[in-house]
$ cat query09.cif   # mmCIF, C-alpha atoms
data_structure
#
loop_
_atom_site.label_atom_id
_atom_site.label_comp_id
_atom_site.auth_asym_id
_atom_site.auth_seq_id
_atom_site.Cartn_x
_atom_site.Cartn_y
_atom_site.Cartn_z
CA MET A 50 23.62 36.47 -5.18
CA ARG A 51 22.10 33.00 -5.45
CA TYR A 52 19.31 31.57 -7.50
CA ILE A 53 16.82 29.08 -6.17
CA ALA A 54 15.33 26.41 -8.41
CA VAL A 55 11.91 25.63 -6.93
CA PHE A 56 10.41 22.14 -6.75
CA PRO A 57 7.05 20.93 -5.48
CA THR A 58 8.52 18.52 -2.93
CA LEU A 59 11.59 18.20 -0.76
CA THR A 60 12.53 14.86 -2.30
CA LEU A 61 12.59 16.37 -5.79
CA ALA A 62 14.73 19.20 -4.45
CA LYS A 63 17.11 16.67 -2.88
CA ARG A 64 17.32 14.77 -6.13
CA ALA A 65 18.05 18.03 -7.97
CA GLN A 66 20.74 18.94 -5.45
CA ARG A 67 22.41 15.54 -5.87
CA THR A 68 22.28 15.91 -9.65
CA LEU A 69 23.96 19.31 -9.50
CA ALA A 70 26.57 18.02 -7.06
CA ALA A 71 27.39 15.15 -9.43
CA SER A 72 28.29 17.82 -12.00
CA SER A 73 30.37 19.77 -9.47
CA VAL A 74 27.80 22.50 -8.93
CA ALA A 75 27.68 23.38 -5.25
CA ALA A 76 24.07 23.63 -4.16
CA GLU A 77 22.07 23.71 -0.97
CA THR A 78 18.57 22.41 -0.37
CA VAL A 79 16.41 25.12 1.16
CA LYS A 80 12.84 25.80 2.12
CA VAL A 81 11.47 28.47 -0.18
CA ASP A 82 9.98 31.61 1.33
CA SER A 83 6.26 30.86 1.39
CA ALA A 84 5.46 34.43 0.38
CA LYS A 85 7.09 33.77 -2.98
CA THR A 86 5.15 30.65 -3.82
CA THR A 87 1.54 30.34 -4.82
CA ARG A 88 0.79 26.75 -3.83
CA GLY A 89 1.93 26.59 -0.23
CA CYS A 90 5.23 25.29 1.09
CA SER A 91 7.86 24.55 -1.54
CA TRP A 92 11.43 23.45 -1.57
CA GLY A 93 14.34 24.57 -3.61
CA VAL A 94 17.97 24.22 -4.49
CA ALA A 95 20.10 27.33 -4.08
CA PHE A 96 23.24 27.84 -6.14
CA HIS A 97 25.55 30.71 -7.06
CA GLU A 98 24.32 33.02 -9.79
CA SER A 99 27.32 32.13 -11.94
CA GLN A 100 25.98 28.58 -12.22
CA LEU A 101 22.53 29.47 -13.56
CA TYR A 102 23.07 28.46 -17.17
CA LYS A 103 24.91 25.27 -16.22
CA ALA A 104 22.24 24.33 -13.69
CA LYS A 105 19.48 24.79 -16.24
CA MET A 106 21.34 22.56 -18.68
CA ILE A 107 21.90 19.89 -16.03
CA PHE A 108 18.23 19.87 -15.05
CA ALA A 109 17.15 19.66 -18.67
CA ASN A 110 19.51 16.78 -19.41
CA ALA A 111 18.37 14.91 -16.29
CA LYS A 112 14.70 15.61 -17.15
CA ILE A 113 14.23 17.31 -13.81
CA GLU A 114 11.26 19.62 -14.03
CA VAL A 115 11.82 22.94 -12.29
CA ARG A 116 8.69 24.79 -11.20
CA GLU A 117 10.36 28.19 -11.34
CA ILE A 118 13.69 29.87 -10.64
CA LEU A 119 13.80 32.68 -8.11
CA SER A 120 16.58 35.04 -7.21
CA GLU A 121 17.38 34.83 -3.53
CA GLY A 122 16.51 38.04 -1.78
CA GLY A 123 15.12 39.39 -5.04
CA MET B 114 21.40 -14.80 26.00
CA VAL B 115 21.21 -16.46 22.60
CA TYR B 116 18.98 -14.67 20.13
CA LEU B 117 17.53 -16.77 17.32
CA ASP B 118 14.36 -14.85 16.50
CA ASN B 119 15.67 -12.57 13.79
CA ALA B 120 12.75 -13.30 11.47
CA ALA B 121 10.53 -11.52 13.99
CA THR B 122 12.96 -8.66 14.50
CA SER B 123 16.73 -8.67 14.32
CA PHE B 124 18.83 -8.35 17.45
CA PRO B 125 21.39 -7.10 18.16
CA LYS B 126 21.64 -4.17 15.80
CA PRO B 127 25.01 -3.12 14.42
CA PRO B 128 26.76 -0.56 16.66
CA SER B 129 26.58 1.96 13.82
CA VAL B 130 22.76 1.69 13.88
CA VAL B 131 22.58 2.29 17.62
CA ALA B 132 25.03 5.18 17.34
CA GLU B 133 23.10 6.86 14.53
CA VAL B 134 19.73 6.57 16.29
CA THR B 135 21.32 8.13 19.38
CA ARG B 136 23.04 10.83 17.33
CA CYS B 137 19.74 11.61 15.59
CA LEU B 138 17.85 11.98 18.85
CA GLU B 139 20.61 14.04 20.42
CA GLU B 140 21.74 16.18 17.51
CA TYR B 141 19.39 16.55 14.56
CA CYS B 142 15.91 15.18 15.17
CA GLY B 143 13.94 18.01 13.59
CA ASN B 144 10.83 17.33 11.54
CA PRO B 145 12.01 16.43 8.03
CA GLY B 146 10.32 18.28 5.19
CA ARG B 147 8.54 20.77 7.37
CA GLY B 148 10.69 23.64 8.64
CA GLY B 149 13.68 25.17 6.88
CA HIS B 150 15.84 25.39 10.01
CA PRO B 151 19.08 23.42 10.41
CA LEU B 152 17.65 20.52 12.42
CA SER B 153 14.77 20.00 10.03
CA MET B 154 17.10 20.15 7.03
CA ALA B 155 19.59 17.77 8.66
CA ALA B 156 16.79 15.27 9.31
CA ALA B 157 15.65 15.63 5.71
CA GLU B 158 19.17 14.96 4.49
CA LYS B 159 19.33 11.72 6.48
CA ILE B 160 15.92 10.65 5.18
CA TYR B 161 17.10 11.16 1.62
CA GLU B 162 20.33 9.29 2.30
CA CYS B 163 18.25 6.32 3.41
CA ARG B 164 16.17 6.52 0.23
CA GLU B 165 19.42 6.44 -1.75
CA GLU B 166 20.72 3.41 0.15
CA LEU B 167 17.50 1.41 -0.27
CA SER B 168 17.21 2.41 -3.91
CA ALA B 169 20.74 1.17 -4.59
CA LEU B 170 20.31 -2.07 -2.65
CA PHE B 171 17.06 -3.06 -4.36
CA GLY B 172 17.51 -1.64 -7.85
CA ALA B 173 14.74 0.96 -7.61
CA PRO B 174 14.26 3.40 -10.50
CA ASP B 175 15.55 6.22 -8.25
CA PRO B 176 15.44 7.25 -4.57
CA SER B 177 12.10 9.04 -4.93
CA HIS B 178 10.44 5.65 -5.48
CA VAL B 179 11.21 4.67 -1.89
CA ILE B 180 8.15 5.35 0.29
CA PHE B 181 8.73 5.03 4.00
CA THR B 182 6.20 3.11 6.07
CA GLN B 183 6.21 1.92 9.66
CA ASN B 184 6.75 -1.72 8.67
CA ALA B 185 6.23 -4.25 5.86
CA THR B 186 2.58 -4.72 6.80
CA ALA B 187 1.86 -1.05 6.18
CA ALA B 188 3.75 -1.25 2.88
CA LEU B 189 1.74 -4.30 1.82
CA ASN B 190 -1.55 -2.65 2.78
CA LEU B 191 -0.65 0.40 0.70
CA ALA B 192 0.39 -1.74 -2.26
CA ILE B 193 -2.60 -4.10 -2.10
CA LYS B 194 -5.30 -1.56 -1.30
CA GLY B 195 -3.76 1.14 -3.46
CA LEU B 196 -2.97 -0.81 -6.59
CA LEU B 197 -5.90 -3.19 -6.98
CA PRO B 198 -8.81 -1.70 -8.91
CA ASP B 199 -12.33 -2.56 -7.81
CA GLY B 200 -13.42 -5.84 -9.31
CA ALA B 201 -9.85 -7.07 -9.67
CA HIS B 202 -8.79 -10.67 -9.38
CA VAL B 203 -5.55 -11.49 -7.57
CA ILE B 204 -3.33 -14.56 -7.45
CA ALA B 205 -1.25 -15.23 -4.33
CA SER B 206 0.86 -18.12 -3.12
CA ASP B 207 -0.38 -20.37 -0.34
CA LEU B 208 2.62 -19.41 1.77
CA GLU B 209 1.64 -15.79 2.32
CA HIS B 210 1.79 -14.16 5.73
CA ASN B 211 -1.29 -12.56 7.28
CA SER B 212 0.03 -9.20 6.13
CA VAL B 213 -0.94 -10.31 2.63
CA ARG B 214 -3.75 -12.70 3.47
CA ARG B 215 -5.76 -10.37 5.69
CA PRO B 216 -5.83 -7.37 3.32
CA LEU B 217 -6.91 -9.75 0.54
CA GLU B 218 -9.56 -11.35 2.75
CA ALA B 219 -10.83 -7.91 3.84
CA LEU B 220 -11.11 -6.60 0.29
CA ALA B 221 -12.79 -9.82 -0.81
CA ALA B 222 -15.25 -9.69 2.12
CA ASP B 223 -16.23 -6.18 1.02
CA GLY B 224 -16.85 -7.48 -2.49
CA LEU B 225 -14.10 -5.33 -3.95
CA ILE B 226 -11.79 -8.06 -5.25
CA SER B 227 -11.57 -11.82 -5.60
CA PHE B 228 -8.46 -13.91 -5.18
CA ASP B 229 -7.10 -17.40 -5.68
CA LYS B 230 -4.11 -18.94 -3.97
CA ILE B 231 -1.87 -21.37 -5.73
CA SER B 232 0.22 -24.13 -4.19
CA ILE B 233 3.96 -23.67 -4.28
CA ILE B 234 4.90 -26.94 -2.62
CA GLY B 235 4.15 -30.44 -3.82
CA ASP B 236 5.33 -33.64 -2.15
CA GLY B 237 7.50 -31.67 0.26
CA TYR B 238 9.41 -29.90 -2.49
CA ALA B 239 8.92 -26.46 -4.00
CA LEU B 240 7.79 -26.25 -7.58
CA ASP B 241 10.23 -24.71 -10.02
CA GLY B 242 9.54 -21.39 -11.71
CA GLY B 243 8.04 -22.97 -14.80
CA ALA B 244 5.59 -25.06 -12.79
CA ILE B 245 4.59 -22.07 -10.66
CA CYS B 246 3.97 -19.98 -13.79
CA LYS B 247 1.82 -22.81 -15.19
CA ARG B 248 -0.28 -22.71 -12.04
CA ILE B 249 -0.56 -18.94 -12.34
CA THR B 250 -1.61 -19.35 -15.97
CA THR B 251 -4.35 -21.76 -14.93
CA ALA B 252 -5.58 -19.31 -12.28
CA ILE B 253 -5.54 -16.23 -14.52
CA ARG B 254 -8.90 -14.66 -15.35
CA LYS B 255 -9.76 -11.77 -17.62
CA ASN B 256 -9.73 -9.42 -14.63
CA THR B 257 -6.53 -10.68 -13.00
CA ALA B 258 -4.70 -7.51 -12.02
CA ALA B 259 -1.88 -8.72 -9.78
CA VAL B 260 0.21 -11.59 -8.55
CA ILE B 261 1.37 -11.29 -4.95
CA MET B 262 4.19 -13.50 -3.72
CA THR B 263 6.54 -13.65 -0.82
CA ALA B 264 10.17 -13.85 -1.86
CA CYS B 265 10.77 -16.20 1.07
CA PRO B 266 8.11 -17.40 3.51
CA ASN B 267 8.58 -16.77 7.22
CA VAL B 268 8.38 -20.40 8.36
CA CYS B 269 11.07 -21.99 6.17
CA SER B 270 13.97 -20.93 3.98
CA LEU B 271 12.43 -21.67 0.63
CA GLN B 272 13.30 -18.96 -1.91
CA LEU B 273 10.64 -18.46 -4.55
CA PRO B 274 11.81 -17.97 -8.16
CA ILE B 275 10.89 -14.30 -8.11
CA ALA B 276 12.76 -13.39 -11.31
CA GLU B 277 10.90 -16.01 -13.36
CA ILE B 278 7.53 -15.12 -11.89
CA GLY B 279 8.23 -11.42 -12.38
CA ALA B 280 9.18 -11.87 -16.03
CA PHE B 281 6.03 -13.95 -16.55
CA CYS B 282 3.84 -11.25 -15.00
CA ARG B 283 5.51 -8.51 -17.02
CA ARG B 284 4.83 -10.40 -20.28
CA ARG B 285 1.19 -10.80 -19.28
CA GLY B 286 0.79 -7.19 -18.17
CA ILE B 287 -0.01 -8.24 -14.61
CA LEU B 288 1.28 -6.29 -11.61
CA PHE B 289 3.84 -8.15 -9.53
CA ILE B 290 3.81 -7.30 -5.82
CA VAL B 291 6.51 -8.91 -3.68
CA ASP B 292 6.58 -9.35 0.07
CA GLY B 293 10.27 -9.04 0.87
CA ALA B 294 9.87 -9.33 4.65
CA GLN B 295 12.10 -12.39 5.06
CA ALA B 296 14.28 -11.83 2.00
CA ALA B 297 15.50 -8.26 2.43
CA GLY B 298 18.99 -8.25 3.84
CA HIS B 299 19.36 -12.02 3.47
CA PHE B 300 19.76 -12.47 -0.27
CA PRO B 301 19.76 -10.20 -3.32
CA ILE B 302 16.55 -8.71 -4.69
CA ASP B 303 16.76 -6.49 -7.77
CA MET B 304 13.50 -4.85 -8.80
CA ARG B 305 14.61 -4.13 -12.36
CA SER B 306 15.90 -7.54 -13.36
CA MET B 307 13.17 -9.33 -11.39
CA CYS B 308 10.38 -7.18 -12.92
CA ILE B 309 8.99 -6.27 -9.49
CA ASP B 310 6.37 -3.51 -9.57
CA ALA B 311 6.01 -3.07 -5.81
CA LEU B 312 8.46 -4.34 -3.20
CA CYS B 313 7.36 -4.32 0.45
CA LEU B 314 10.02 -4.29 3.14
CA PRO B 315 10.44 -4.20 6.91
CA GLY B 316 13.35 -2.12 8.14
CA HIS B 317 13.78 -3.95 11.43
CA LYS B 318 14.43 -7.51 10.28
CA GLY B 319 17.17 -8.42 7.83
CA LEU B 320 17.93 -4.79 7.09
CA LEU B 321 18.99 -4.43 10.74
CA GLY B 322 17.23 -1.13 11.36
CA PRO B 323 15.03 -0.15 14.30
CA GLN B 324 11.41 -1.18 14.68
CA GLY B 325 9.08 1.40 13.17
CA SER B 326 10.92 1.45 9.85
CA GLY B 327 9.81 -0.08 6.59
CA ALA B 328 9.35 0.81 2.95
CA LEU B 329 7.30 0.31 -0.16
CA ILE B 330 9.46 0.66 -3.26
CA LEU B 331 7.55 1.35 -6.45
CA GLY B 332 8.60 0.42 -9.94
CA GLU B 333 8.58 2.90 -12.82
CA GLY B 334 5.13 4.37 -13.44
CA ILE B 335 3.44 2.52 -10.56
CA MET B 336 1.10 4.88 -8.70
CA PRO B 337 -1.17 3.40 -6.01
CA ARG B 338 -4.30 5.17 -4.85
CA VAL B 339 -3.65 7.36 -1.82
CA ILE B 340 -4.64 5.57 1.39
CA PHE B 341 -3.58 8.15 3.98
CA GLU B 342 -4.04 11.87 3.64
CA GLY B 343 -2.54 14.60 5.77
CA GLY B 344 0.37 16.96 6.06
CA SER B 345 3.09 16.51 3.47
CA GLY B 346 5.22 19.61 3.93
CA SER B 347 4.43 20.84 0.43
CA SER B 348 1.61 22.21 -1.73
CA SER B 349 -0.24 22.98 1.47
CA PHE B 350 -3.20 24.83 -0.06
CA GLU B 351 -4.13 21.99 -2.33
CA ALA B 352 -6.92 19.73 -1.17
CA GLU B 353 -5.21 16.58 -2.38
CA MET B 354 -1.88 15.04 -1.50
CA PRO B 355 1.01 16.13 -3.76
CA ARG B 356 1.15 14.40 -7.12
CA GLU B 357 4.83 13.62 -6.67
CA ILE B 358 6.26 10.48 -5.11
CA PRO B 359 7.18 9.70 -2.39
CA GLU B 360 5.44 12.59 -0.59
CA ARG B 361 2.12 11.56 -2.14
CA TYR B 362 2.11 8.52 0.14
CA GLU B 363 3.92 9.83 3.21
CA ALA B 364 1.25 11.73 5.15
CA GLY B 365 2.38 12.94 8.55
CA THR B 366 5.75 13.04 10.22
CA LEU B 367 8.21 10.30 9.34
CA SER B 368 10.12 8.51 12.08
CA THR B 369 13.49 10.12 11.55
CA PRO B 370 15.31 8.14 14.28
CA ALA B 371 14.05 4.84 12.85
CA ILE B 372 14.94 5.82 9.29
CA ALA B 373 18.34 7.12 10.38
CA GLY B 374 19.01 3.75 12.00
CA LEU B 375 17.73 1.92 8.96
CA CYS B 376 20.09 3.93 6.76
CA GLU B 377 23.02 2.64 8.78
CA GLY B 378 21.60 -0.88 8.80
CA VAL B 379 21.50 -0.92 5.02
CA ARG B 380 25.01 0.51 4.84
CA TYR B 381 26.19 -2.24 7.18
CA ILE B 382 24.64 -4.87 4.93
CA ARG B 383 26.11 -3.35 1.79
CA ARG B 384 29.55 -3.33 3.43
CA LEU B 385 29.23 -6.99 4.44
CA GLY B 386 27.75 -7.94 1.09
CA LEU B 387 24.60 -9.98 0.60
CA ALA B 388 26.55 -12.91 -0.82
CA SER B 389 28.57 -13.09 2.38
CA ILE B 390 25.46 -12.84 4.57
CA GLU B 391 23.66 -15.51 2.56
CA LYS B 392 26.65 -17.83 2.83
CA HIS B 393 26.98 -17.26 6.58
CA GLU B 394 23.30 -17.90 7.30
CA ARG B 395 23.22 -20.91 5.02
CA SER B 396 26.18 -22.43 6.84
CA LEU B 397 24.45 -21.84 10.19
CA PHE B 398 21.32 -23.50 8.83
CA LEU B 399 23.27 -26.54 7.67
CA TYR B 400 25.05 -26.78 11.00
CA ALA B 401 21.74 -26.44 12.89
CA ARG B 402 20.17 -29.07 10.66
CA GLN B 403 23.01 -31.44 11.50
CA ARG B 404 22.96 -30.73 15.24
CA LEU B 405 19.18 -30.69 15.68
CA GLY B 406 18.70 -33.60 13.29
CA SER B 407 20.73 -35.84 15.59
CA ILE B 408 18.46 -35.14 18.58
CA PRO B 409 15.76 -37.77 19.11
CA LYS B 410 12.19 -36.57 18.51
CA VAL B 411 13.24 -33.40 16.66
CA ARG B 412 11.57 -33.03 13.30
CA ILE B 413 12.78 -30.31 10.94
CA TYR B 414 10.44 -28.99 8.25
CA MET B 415 11.48 -28.25 4.67
CA GLN B 416 15.05 -28.94 5.69
CA GLN B 417 16.26 -29.23 2.11
CA TYR B 418 16.00 -25.43 1.72
CA ALA B 419 18.91 -23.86 3.57
CA GLY B 420 18.69 -20.21 4.54
CA SER B 421 18.01 -17.89 7.42
CA VAL B 422 14.92 -19.69 8.82
CA LEU B 423 14.54 -23.20 10.22
CA SER B 424 11.35 -24.64 11.73
CA PHE B 425 11.08 -27.74 13.84
CA ASN B 426 9.07 -29.54 16.48
CA VAL B 427 10.05 -31.78 19.36
CA GLY B 428 7.91 -34.90 19.37
CA THR B 429 4.33 -33.97 20.09
CA LEU B 430 5.20 -31.10 22.41
CA PRO B 431 3.30 -27.90 21.57
CA SER B 432 5.69 -25.51 19.88
CA ASP B 433 4.98 -22.66 22.28
CA ARG B 434 5.86 -24.90 25.23
CA VAL B 435 9.21 -25.72 23.61
CA ALA B 436 9.88 -22.07 22.81
CA SER B 437 8.97 -21.13 26.37
CA ALA B 438 11.35 -23.74 27.81
CA LEU B 439 14.10 -22.50 25.51
CA GLY B 440 13.39 -18.96 26.62
CA THR B 441 13.82 -20.01 30.23
CA ALA B 442 17.19 -21.42 29.21
CA GLY B 443 18.13 -18.05 27.71
CA ILE B 444 17.51 -18.98 24.09
CA CYS B 445 15.10 -16.76 22.14
CA THR B 446 13.08 -18.58 19.50
CA ARG B 447 9.48 -18.30 18.39
CA GLY B 448 6.79 -20.93 18.66
CA GLY B 449 3.24 -20.88 17.37
CA PHE B 450 1.95 -20.03 13.94
CA HIS B 451 4.09 -17.03 13.03
CA CYS B 452 1.05 -15.13 11.74
CA ASN B 453 1.01 -17.51 8.80
CA PRO B 454 -1.82 -20.06 9.02
CA TRP B 455 -1.65 -20.71 5.28
CA ALA B 456 1.98 -21.87 5.41
CA HIS B 457 1.43 -23.94 8.55
CA THR B 458 -1.48 -25.66 6.87
CA VAL B 459 0.78 -26.46 3.91
CA LEU B 460 3.49 -27.79 6.24
CA GLY B 461 0.97 -29.83 8.23
CA THR B 462 1.77 -27.93 11.40
CA ASP B 463 -1.57 -26.18 11.77
CA ALA B 464 -2.37 -28.06 15.00
CA HIS B 465 0.56 -26.96 17.17
CA GLY B 466 2.60 -24.67 14.95
CA SER B 467 6.36 -25.01 14.98
CA VAL B 468 9.41 -23.64 16.73
CA ARG B 469 11.24 -21.27 14.45
CA ILE B 470 14.86 -20.25 14.67
CA SER B 471 16.14 -17.51 12.41
CA PHE B 472 19.62 -16.16 11.86
CA SER B 473 21.33 -12.82 11.37
CA PRO B 474 24.93 -11.92 10.55
CA PHE B 475 25.61 -11.80 14.30
CA ASN B 476 24.79 -15.45 15.02
CA THR B 477 27.55 -18.01 15.45
CA PRO B 478 27.83 -21.81 15.51
CA GLN B 479 28.09 -21.49 19.30
CA ASP B 480 24.50 -20.19 19.32
CA VAL B 481 23.44 -23.35 17.54
CA ASP B 482 25.43 -25.45 20.02
CA ALA B 483 23.59 -23.80 22.91
CA LEU B 484 20.25 -24.50 21.23
CA ALA B 485 21.16 -28.12 20.55
CA LEU B 486 22.25 -28.62 24.16
CA ALA B 487 18.99 -27.21 25.52
CA LEU B 488 16.89 -29.17 23.05
CA GLY B 489 18.75 -32.36 23.89
CA GLU B 490 17.82 -31.93 27.54
CA LEU B 491 14.24 -31.10 26.63
CA SER B 492 13.84 -34.13 24.39
CA ARG B 493 15.01 -36.43 27.17
CA LYS B 494 12.31 -35.25 29.57
#
$ encode --input "query09.cif" --output "structure tokens"
Amino acid sequence: MRYIAVFPTLTLAKRAQRTLAASSVAAETVKVDSAKTTRGCSWGVAFHESQLYKAKMIFANAKIEVREILSEGG
Amino acid sequence: MVYLDNAATSFPKPPSVVAEVTRCLEEYCGNPGRGGHPLSMAAAEKIYECREELSALFGAPDPSHVIFTQNATAALNLAIKGLLPDGAHVIASDLEHNSVRRPLEALAADGLISFDKISIIGDGYALDGGAICKRITTAIRKNTAAVIMTACPNVCSLQLPIAEIGAFCRRRGILFIVDGAQAAGHFPIDMRSMCIDALCLPGHKGLLGPQGSGALILGEGIMPRVIFEGGSGSSSFEAEMPREIPERYEAGTLSTPAIAGLCEGVRYIRRLGLASIEKHERSLFLYARQRLGSIPKVRIYMQQYAGSVLSFNVGTLPSDRVASALGTAGICTRGGFHCNPWAHTVLGTDAHGSVRISFSPFNTPQDVDALALALGELSRK
């Protein structure tokens, strides 16, 4: 399973993806299922469930604000 | 064909630029930031790569501060109309292009701002940074909100002391907006060390990208008013544009092929190195100054400032007639006023303009030889 960190814009998602990659966390930028978001189209970064804690730490250290974290397919 | 009109738009483009534009159109030209399908995501990846390249080249806070526009004029309009509060006073140099002058004139005509221009040149020589800052000091009013300067005017190779002016503005709490149209890709500009709050760039000149590309790069915490509203690919149910940069200012579909080409143009420049480009263009200028200076009737303007742009006239011949004759001989130059009546007034060329030649990394001394040969024949007529 993968988790998706959700961001308000694609550029923020890209920046988050690059930040994860710089810490060797494989991640993919994705468009988030509109049915799961409340404010229209959103973008996210998908990564393996085993990386959840590390990803959260990386985002916090880089001061990257995550709107929410969803489980893919969940 | 000899192409010496790179200040208007650079030609040729590096092969890598041409190849990437073609590859984009053939392989991945989806709409970036709209769909989630592979072509849309591939386009978005290229767009972000270009933001990264520009951010690195110009010392932006991070890639999200790079806002794509269709050219430098659009970037300047966004910066000027978005950053100046109503009632603001602005100080600009007297060498500014119409892309600065006309937005200022329009805002002033509507009673929204006032502006003063200060002289940069005295007795044929440019003032140093200290003298320019003194003139700015004299022009400052209580409501002065911004200083707008070109880093290098488009009719001569004079480089303004941007770092000194930027530091001065930062100390005074005044916004510093820089027109980088003729500087980008020709010599180094670093937003952080030069205290630039808004840097306006064309993609298709010194950065060697396709026409239709340009950027406004914002400093930390600089948030213009929104000028264009529309689709942003995010927060679709909200009435306003997204709060986040750069999407806040990028309404509508970006030109992915142009930005893809620009990305490769910037990479080409970073591989060559700005120091190497500056040295090459300076040497061409000096060679052109020597060759053209030996031709009777040719007068070169501001020839003590060597760089990528050189302006001249041949006797009393109208500049457009000279440029036209050169064009017939297969040499591309630009006559007229170069959309910069202020600078031509300063240079004393406001009657007939001047002939401008402008270099890129692809020009050679042989191009200058061809120009000198054609001008020699023209001056004898």
$ residues_around --input "query09.cif" --residues "Lys85 of chain A" --least-positions-apart "4" --cutoff "12 Å" --atoms "all atoms listed in the file" --output "PyMOL selection string"
chain A and resi 53+55+80-81+89-93+117-123
$ residues_around --input "query09.cif" --residues "Asp241 of chain B" --least-positions-apart "6" --cutoff "12 Å" --atoms "only C-alpha atoms" --output "list of chain:residue names"
B:Ser232, B:Ile233, B:Ile234, B:Gly235, B:Lys247, B:Arg248, B:Leu271, B:Gln272, B:Leu273, B:Pro274, B:Ile275, B:Ala276, B:Glu277, B:Ile278
$ resolve_selection --input "query09.cif" --expression "the PyMOL selection byres ((chain A) within 10 of (chain B))" --output "PDB file with C-alpha atoms, in the frame of the given file"
ATOM      1  CA  PHE A  56      10.410  22.140  -6.750  1.00  0.00           C
ATOM      2  CA  PRO A  57       7.050  20.930  -5.480  1.00  0.00           C
ATOM      3  CA  THR A  58       8.520  18.520  -2.930  1.00  0.00           C
ATOM      4  CA  LEU A  59      11.590  18.200  -0.760  1.00  0.00           C
ATOM      5  CA  THR A  60      12.530  14.860  -2.300  1.00  0.00           C
ATOM      6  CA  LEU A  61      12.590  16.370  -5.790  1.00  0.00           C
ATOM      7  CA  LYS A  63      17.110  16.670  -2.880  1.00  0.00           C
ATOM      8  CA  ARG A  64      17.320  14.770  -6.130  1.00  0.00           C
ATOM      9  CA  THR A  78      18.570  22.410  -0.370  1.00  0.00           C
ATOM     10  CA  VAL A  79      16.410  25.120   1.160  1.00  0.00           C
ATOM     11  CA  LYS A  80      12.840  25.800   2.120  1.00  0.00           C
ATOM     12  CA  VAL A  81      11.470  28.470  -0.180  1.00  0.00           C
ATOM     13  CA  ASP A  82       9.980  31.610   1.330  1.00  0.00           C
ATOM     14  CA  THR A  86       5.150  30.650  -3.820  1.00  0.00           C
ATOM     15  CA  THR A  87       1.540  30.340  -4.820  1.00  0.00           C
ATOM     16  CA  ARG A  88       0.790  26.750  -3.830  1.00  0.00           C
ATOM     17  CA  GLY A  89       1.930  26.590  -0.230  1.00  0.00           C
ATOM     18  CA  CYS A  90       5.230  25.290   1.090  1.00  0.00           C
ATOM     19  CA  SER A  91       7.860  24.550  -1.540  1.00  0.00           C
ATOM     20  CA  TRP A  92      11.430  23.450  -1.570  1.00  0.00           C
TER      21      TRP A  92
END
$ atom_distance --input "query09.cif" --atom1 "atom CA of Ser471 of chain B" --atom2 "atom CA of Lys318 of chain B"
10.4 Å
$ resolve_selection --input "query09.cif" --expression "the PyMOL selection byres ((chain B and resi 252-265) around 7)" --output "list in words"
Leu197, Ala201, His202, Val203, Ile204, Ala205, Ser206, Glu209, Arg248, Ile249, Thr250, Thr251, Pro266, Asn267, Ser270, Leu271, Gln272, Leu273, Ile275, Ile287, Leu288, Phe289, Ile290, Val291, Asp292, Gly293, Gln295 and Ala296 of chain B
$ resolve_selection --input "query09.cif" --expression "the PyMOL selection byres ((chain A and resi 100) around 10)" --output "list in words"
Arg51, Tyr52, Leu69, Val74, Ala75, Ala76, Phe96, His97, Glu98, Ser99, Leu101, Tyr102, Lys103, Ala104, Lys105 and Met106 of chain A
$ residues_around --input "query09.cif" --residues "segment 304-316 of chain B" --least-positions-apart "6" --cutoff "7 Å" --atoms "all atoms listed in the file" --output "JSON, numbers by chain"
{"B": [171, 172, 173, 184, 185, 188, 189, 192, 275, 276, 279, 280, 283, 288, 289, 290, 291, 292, 293, 294, 297, 322, 323, 324, 326, 327, 328, 329, 330, 331, 332, 335, 375]}
$ closest_residue --input "query09.cif" --among "B:Pro216, B:Leu167, B:Ala222, B:Lys410" --to "Ile180 of chain B" --atoms "only C-alpha atoms"
B:Leu167
$ atom_distance --input "query09.cif" --atom1 "atom CA of Lys194 of chain B" --atom2 "atom CA of Ser212 of chain B"
11.9 Å
$ closest_residue --input "query09.cif" --among "B:Glu394, B:Thr122, B:Gly224, B:Asn144" --to "Gly365 of chain B" --atoms "all atoms listed in the file"
B:Asn144
$ axis_aligned_box --input "query09.cif" --around "segment 71-78 of chain A" --padding-each-side "4 Å" --output "JSON"
{"center_x": 24.5, "center_y": 19.4, "center_z": -6.2, "size_x": 19.8, "size_y": 16.6, "size_z": 19.6}
$ atom_distance --input "query09.cif" --atom1 "atom CA of Val268 of chain B" --atom2 "atom CA of Ile413 of chain B"
11.1 Å
$ closest_residue --input "query09.cif" --among "B:Glu140, B:Asp433, B:Glu166, B:Glu342" --to "Thr369 of chain B" --atoms "all atoms listed in the file"
B:Glu140
$ closest_residue --input "query09.cif" --among "B:Ala401, B:Leu117, B:Val459, B:Val379" --to "Ala169 of chain B" --atoms "only C-alpha atoms"
B:Val379
$ residues_around --input "query09.cif" --residues "Ile113 of chain A" --least-positions-apart "3" --cutoff "9 Å" --atoms "only C-alpha atoms" --output "NGL selection string"
:A and (61 or 64-65 or 107-110)
$ decode --input "query09.cif" --residues "segment 101-110 of chain A" --atoms "C-alpha atoms" --output "short mmCIF file (atom, residue, chain, number, x, y, z; two decimals), in the first residue's frame"
data_model
loop_
_atom_site.label_atom_id
_atom_site.label_comp_id
_atom_site.auth_asym_id
_atom_site.auth_seq_id
_atom_site.Cartn_x
_atom_site.Cartn_y
_atom_site.Cartn_z
CA LEU A 101 5.39 7.17 6.31
CA TYR A 102 7.24 8.12 9.48
CA LYS A 103 10.38 9.14 7.60
CA ALA A 104 8.38 11.20 5.10
CA LYS A 105 6.59 13.05 7.88
CA MET A 106 9.92 13.86 9.50
CA ILE A 107 11.40 15.07 6.21
CA PHE A 108 8.42 17.33 5.54
CA ALA A 109 8.56 18.75 9.04
CA ASN A 110 12.28 19.45 8.83
#
